[in-house]
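Reading through the structure tokens given below for one structure.
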Amino acid sequence: FGGLDRRSGRVSTPHQIVRSSDPGNPLSLDITRFGPGQSSTNINDFVPFNRDAQAYSTNEYGTSPAYDRLSGHWSATYEFIEDKLVFFTRGYVDHRNQEFLASQAMVDVVVPGTNPYNPFGETVRVWYLFGQDEHGLITEDFKTTNLQGTAGFKGALGRYNYEVGISGYQNTLRERSPNDSAVNRGAAAAARTDLTAFNPFSYWGNSAEQLAGISPTSRYVQRNKVRTLDAKVDGELFNWYAGTAFFAVGAERRYVETSYDPDESWQQANYWWLGNGGTPTSRSRDVNAYFGEVRIPVYDAGMEPAFFQNAEISGAVRREKYSDYGSSTVGQFSARVGLLDEKVVLRASYAESFKAPSLSDLNAPVSYSTEPGGFYYDPAPRGPNGEGGFFPVDIISGGSLELQPEQGETVNVGVIFRPDASQRLVFTLDWWKLKLTDLILSPDGQSLLYGTGTSGTITRDPVTLYPTLDLRLDNGGTREVSGIDVGASYQLPTDAFGEFTFDFNGTYLTKFEDSADGVTNDYLDLWSGAVGPMPKLRLVTGVQWERGGWNASTSVNFSDGYNDIIPNVLERRVSSYTTLDLQAGYTFGRDDASSQSLFKGTSIYFGIENLFNADLPFVASSSDGWDRYIADYRGRYAYMGVKVKF
């Protein structure tokens with residue numbers, strides 16, 4: 001279909017050798033005469049490298065890695081004093097094991113002429129791909145545990161309601177990485193002068209003794225913790241001619257902590273795939289927050305229908321003080337006007353936002369790695385004939401202590417229309433606009449190579465034009481997004497067949513742009529590495545049915561197509577993506593409130609997602625060749641389950 005060629009331009013089967021005396025003509029062992037497990041020290045057995053015959057796919061093996069998951073939830077309340085003093089608790093625990101298979105291991109080493117297997121008698125650079133008999137696939141084993149719990153008291157005292165509670169959240173990630181090769185240790189092994197030296201000139205013929213130390217198994221533990229104490233009060237503020245005004249006030253104290261603890265191996269090794277693990281780090285912050293909100297009716301025509309039926313306004317303010325980022329005060333305001341006996345409702349809102357960089361964003365270890373040449377198209381003239389291509393690039397990734405807070409503004413204007421007195425038929429129409437400044441994001445490497453990046457930097461060797469992409473988290477300028485939301489809903493109760501509900505919701509994007517330093521990137525109706533797909537139109541429509549304990553639903557999900565462009569290579573249109581989902585179930589005892597059945601409250605259900613197994617949309621400029629953001633790799637997916645409520 002004209003997609004990107006993800007085969008490497010350097011790391012190939014079994015290697016690519018570049019001599020210092022003739023760097024423009026790489027060589028390789030003659031794979032037409034030598035196979036896996038064989039080697040030669042005869043210079044005549046090394047022939048010009050043939051990319052078409054030897055190039056290696058850099059796509060990962062595990063597109064959808066298997067995992068095991070165990071989770072549990074709890075929720076409970078106890079009334080010490082009815083409605084006035086109620087204890088509550090809720091939370092969950094979730095544990096997941098996942099093994100991700102990346103690719104065959106590889107290494108980039110400079111081999112001195114003293115290596116006993118070097119047939120050239122000079123220093124050479126070798127990109128070597130390990131055979132699976134030498135070295136297993138690069139693997140990342142993840143063990144992730146999430147624990148969240150909340151406990152507190154709530155109740156009503158006269159016209160006021162109160163709630164006070166304490167909550168905690170902890171995420172623990174343990175990663176173990178066997179089989180990735182360490183570049184620095186590979187170079188040390190290639191520099192040995194006896195027969196235990198690493199032999200990158202062979203066709204996967206190294207012994208365990210020769211490979212010793214090149215691939216240490218490394219581990220790290222990363223923890224994120226949040227502890228929160230909060231209290232709030234809400235209720236009636238006052239009564240006047242237009243109705244009752246309500247308020248809410250509250251305070252919150254939040255303690256956040258993150259830590260990263262790599263083992264000694266991860267700190268010292270510079271891995272080909274995973275880069276360098278960095279050093280142990282720990283960071284914490286305190287946040288004190290206060291908020292207030294009011295909702296005030298300003299007009300009410302009473303029980304009689306009127307053109308101008310009612311109106312209300314609401315406002316809120318929140319102030320937060322950070323131990324490391326100063327303080328912020330943001331507000332929001334909304335207004336609502338009911339016309340023609342509430343058949344038409346006009347609404348509008350404005351809100352501000354403030355988001356300090358997370359501790360993980362600030363603290364993420366800086367890693368240095370090499371992409372072997374299958375994921376980025378470099379338009380610079382680096383090829384043998386001065387052409388662009390899929391060449392290797394060096395990448396710097398991780399967090400940054402220089403990050404500044406994001407700030408945002410949103411505006412929404414809309415109308416609700418209920419044409420019939422029963423109010424079973426409802427139409428909604430809203431226009432909205434979002435603007436974010438100092439947007440925190442991971443720079444897009446491909447945009448940097450094209451010269452259109454709004455964050456990150458690119459540095460090139462002045463002679464070879466070999467690039468280093470700095471993709472550490474950065475404040476990427478300003479993002480502006482706007483669109484129109486439409487919706488419709490109709491409830492149809494029947495005596496014989498139960499109740500039907502018809503729903504329709506759609507979003508039409510009118511703008512999606514990032515801009516910084518005089519550069520503007522328009523992502524609307526386009527796939528990009530920075531934000532993924534951004535189709536103009538998305539629709540969801542469905543029907544739900546209930547009768548007694550029975551229920552069923554169906555929904556159609558539609559995402560419009562979008563442009564797929566690789567500058568100077570291709571321009572095409574990605575097809576739209578439509579799926580149909582079904583679900584049905586039965587809840588025991590729901591149709592008989594007096595039932596004391598043992599199964600009362602128990603639900604059984606089953607469903608099918610993507611009933612017609614819609615094909616994945618092909619995306620030439622995606623690193624996967626398909627749209628992983630909107631489409632589902634699983635295709636048709638069936639599930640069933642039982643829920644028991646005690």
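Letters A, B, ... go to the chains of the structure tokens in the order shown; residues in each chain start at 1; ligands are counted from 1 in the same order.
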Close residues, Ile17 in chain A itself excluded, 9 Å, only C-alpha atoms, min 5 positions apart in chain, as a short mmCIF file (atom, residue, chain, number, x, y, z; two decimals) with N, CA and C atoms, in the first residue's frame:
data_model
loop_
_atom_site.label_atom_id
_atom_site.label_comp_id
_atom_site.auth_asym_id
_atom_site.auth_seq_id
_atom_site.Cartn_x
_atom_site.Cartn_y
_atom_site.Cartn_z
N PRO A 23 34.52 3.91 4.31
CA PRO A 23 33.22 3.93 5.00
C PRO A 23 32.02 3.93 4.07
N ASN A 25 31.39 1.96 1.55
CA ASN A 25 31.08 0.65 0.97
C ASN A 25 31.04 -0.41 2.06
N PRO A 26 29.93 -0.53 2.78
CA PRO A 26 29.82 -1.52 3.85
C PRO A 26 29.87 -2.95 3.31
N LEU A 27 30.33 -3.85 4.18
CA LEU A 27 30.49 -5.25 3.81
C LEU A 27 29.69 -6.14 4.75
N SER A 28 29.58 -7.42 4.36
CA SER A 28 28.95 -8.42 5.20
C SER A 28 29.47 -9.79 4.80
N LEU A 29 29.42 -10.73 5.73
CA LEU A 29 29.78 -12.11 5.39
C LEU A 29 28.86 -12.60 4.28
N PHE A 49 27.52 -5.29 1.20
CA PHE A 49 26.27 -5.45 1.93
C PHE A 49 25.08 -5.26 0.99
N VAL A 124 37.03 -1.19 12.70
CA VAL A 124 35.80 -1.19 11.92
C VAL A 124 34.61 -0.97 12.87
N ARG A 125 33.52 -0.50 12.31
CA ARG A 125 32.28 -0.36 13.07
C ARG A 125 31.30 -1.41 12.57
N VAL A 126 30.69 -2.12 13.50
CA VAL A 126 29.81 -3.22 13.13
C VAL A 126 28.45 -3.05 13.81
N TRP A 127 27.39 -3.10 13.00
CA TRP A 127 26.02 -3.22 13.52
C TRP A 127 25.67 -4.70 13.45
N TYR A 128 25.51 -5.31 14.62
CA TYR A 128 25.37 -6.77 14.68
C TYR A 128 24.00 -7.14 15.24
N PRO A 200 31.70 -10.18 16.17
CA PRO A 200 30.58 -9.67 15.39
C PRO A 200 30.73 -9.90 13.89
N PHE A 201 31.78 -10.62 13.48
CA PHE A 201 32.00 -10.91 12.06
C PHE A 201 31.41 -12.28 11.68
#
- request: Determine which residues of range 97-333 of chain A DSSP labels as helix (DSSP H, G or I) from the backbone of this structure, then write them out as a list of chain:residue names.
  value: A:Val183, A:Asn184, A:Arg185, A:Gly186, A:Ala187, A:Ala188, A:Ala189, A:Ala190, A:Ala208, A:Glu209, A:Gln210, A:Leu211, A:Glu264, A:Ser265, A:Trp266, A:Gln267, A:Gln268
message: Can you tell me which residues surround range 379-381 of chain A at a distance of at most 8 Å, considering only C-alpha atoms, apart from same-chain residues fewer than 4 positions away, and format the answer as number ranges by chain?
response: A: 385-389, 449-450, 465
field: Residue contacts of Asn146 in chain A (7 Å, only C-alpha atoms) excluding same-chain residues fewer than 3 positions away, as a VMD selection string
entry: chain A and resid 93 to 95 170 to 172
- request: Mind checking which residues fall within 12 Å of Trp550 in chain A, counting only C-alpha atoms, ignoring those fewer than 2 positions away in the same chain, and posting them as a PyMOL selection string?
  value: chain A and resi 497-499+544-548+552-553+583-591+603-605
message: Can you tell me, as a ChimeraX atom specification, which residues in range 16-248 of chain A count as strand (DSSP E) by DSSP?
response: /A:16-19,22-29,46-48,55-57,67-81,85-101,106-111,124-129,139-157,160-177,218-240,243-248
Excluding Arg472 in chain A and its own-chain neighbours fewer than 3 positions away, which residues fall within 6 Å of it when counting only C-alpha atoms? Please give them as a PDB file with all heavy atoms, in the first residue's frame.
ATOM      1  N   SER A 397      15.713  10.756  25.540  1.00  0.00           N
ATOM      2  CA  SER A 397      14.334  10.789  26.031  1.00  0.00           C
ATOM      3  C   SER A 397      14.330  10.849  27.551  1.00  0.00           C
ATOM      4  O   SER A 397      15.334  10.580  28.201  1.00  0.00           O
ATOM      5  CB  SER A 397      13.551   9.563  25.540  1.00  0.00           C
ATOM      6  OG  SER A 397      14.175   8.370  25.970  1.00  0.00           O
ATOM      7  N   GLY A 398      13.174  11.206  28.107  1.00  0.00           N
ATOM      8  CA  GLY A 398      13.039  11.268  29.558  1.00  0.00           C
ATOM      9  C   GLY A 398      12.327  12.530  29.998  1.00  0.00           C
ATOM     10  O   GLY A 398      11.705  13.237  29.204  1.00  0.00           O
ATOM     11  N   GLY A 399      12.426  12.840  31.281  1.00  0.00           N
ATOM     12  CA  GLY A 399      11.772  14.006  31.840  1.00  0.00           C
ATOM     13  C   GLY A 399      12.672  15.228  31.811  1.00  0.00           C
ATOM     14  O   GLY A 399      13.788  15.206  31.291  1.00  0.00           O
TER      15      GLY A 399
END
field: Near-Leu434 in chain A list (6 Å; only C-alpha atoms; drop same-chain fewer than 3 positions) as a VMD selection string
entry: chain A and resid 409 to 410 480 to 481
What would the file look like if the residues just selected were written as a compact mmCIF listing (two decimals), in the first residue's frame with all heavy atoms?
# COMPACT_ATOMS: atom_id res chain seq x y z
N GLU A 409 -7.83 27.52 28.83
CA GLU A 409 -9.12 28.18 28.86
C GLU A 409 -10.08 27.40 27.98
O GLU A 409 -9.69 26.92 26.90
CB GLU A 409 -9.03 29.62 28.33
CG GLU A 409 -8.18 30.55 29.17
CD GLU A 409 -8.11 31.94 28.57
OE1 GLU A 409 -8.27 32.05 27.34
OE2 GLU A 409 -7.93 32.90 29.32
N THR A 410 -11.32 27.24 28.43
CA THR A 410 -12.35 26.59 27.61
C THR A 410 -13.59 27.46 27.58
O THR A 410 -13.95 28.10 28.58
CB THR A 410 -12.72 25.20 28.16
OG1 THR A 410 -13.22 25.33 29.49
CG2 THR A 410 -11.52 24.27 28.15
N GLU A 480 -4.65 24.83 20.15
CA GLU A 480 -6.01 25.35 20.03
C GLU A 480 -6.88 24.31 19.33
O GLU A 480 -6.52 23.81 18.25
CB GLU A 480 -6.02 26.66 19.24
CG GLU A 480 -5.29 27.79 19.95
CD GLU A 480 -5.47 29.12 19.24
OE1 GLU A 480 -6.63 29.56 19.10
OE2 GLU A 480 -4.44 29.70 18.82
N VAL A 481 -7.99 23.98 19.96
CA VAL A 481 -8.92 22.97 19.45
C VAL A 481 -10.33 23.53 19.55
O VAL A 481 -10.68 24.14 20.56
CB VAL A 481 -8.82 21.65 20.25
CG1 VAL A 481 -9.64 20.57 19.59
CG2 VAL A 481 -7.38 21.20 20.41
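With only C-alpha atoms as the atoms that count, the minimum distance from Thr89 in chain A to the choices A:Ala76, A:Leu403, A:Leu441, A:Val47 is reached by A:Ala76.
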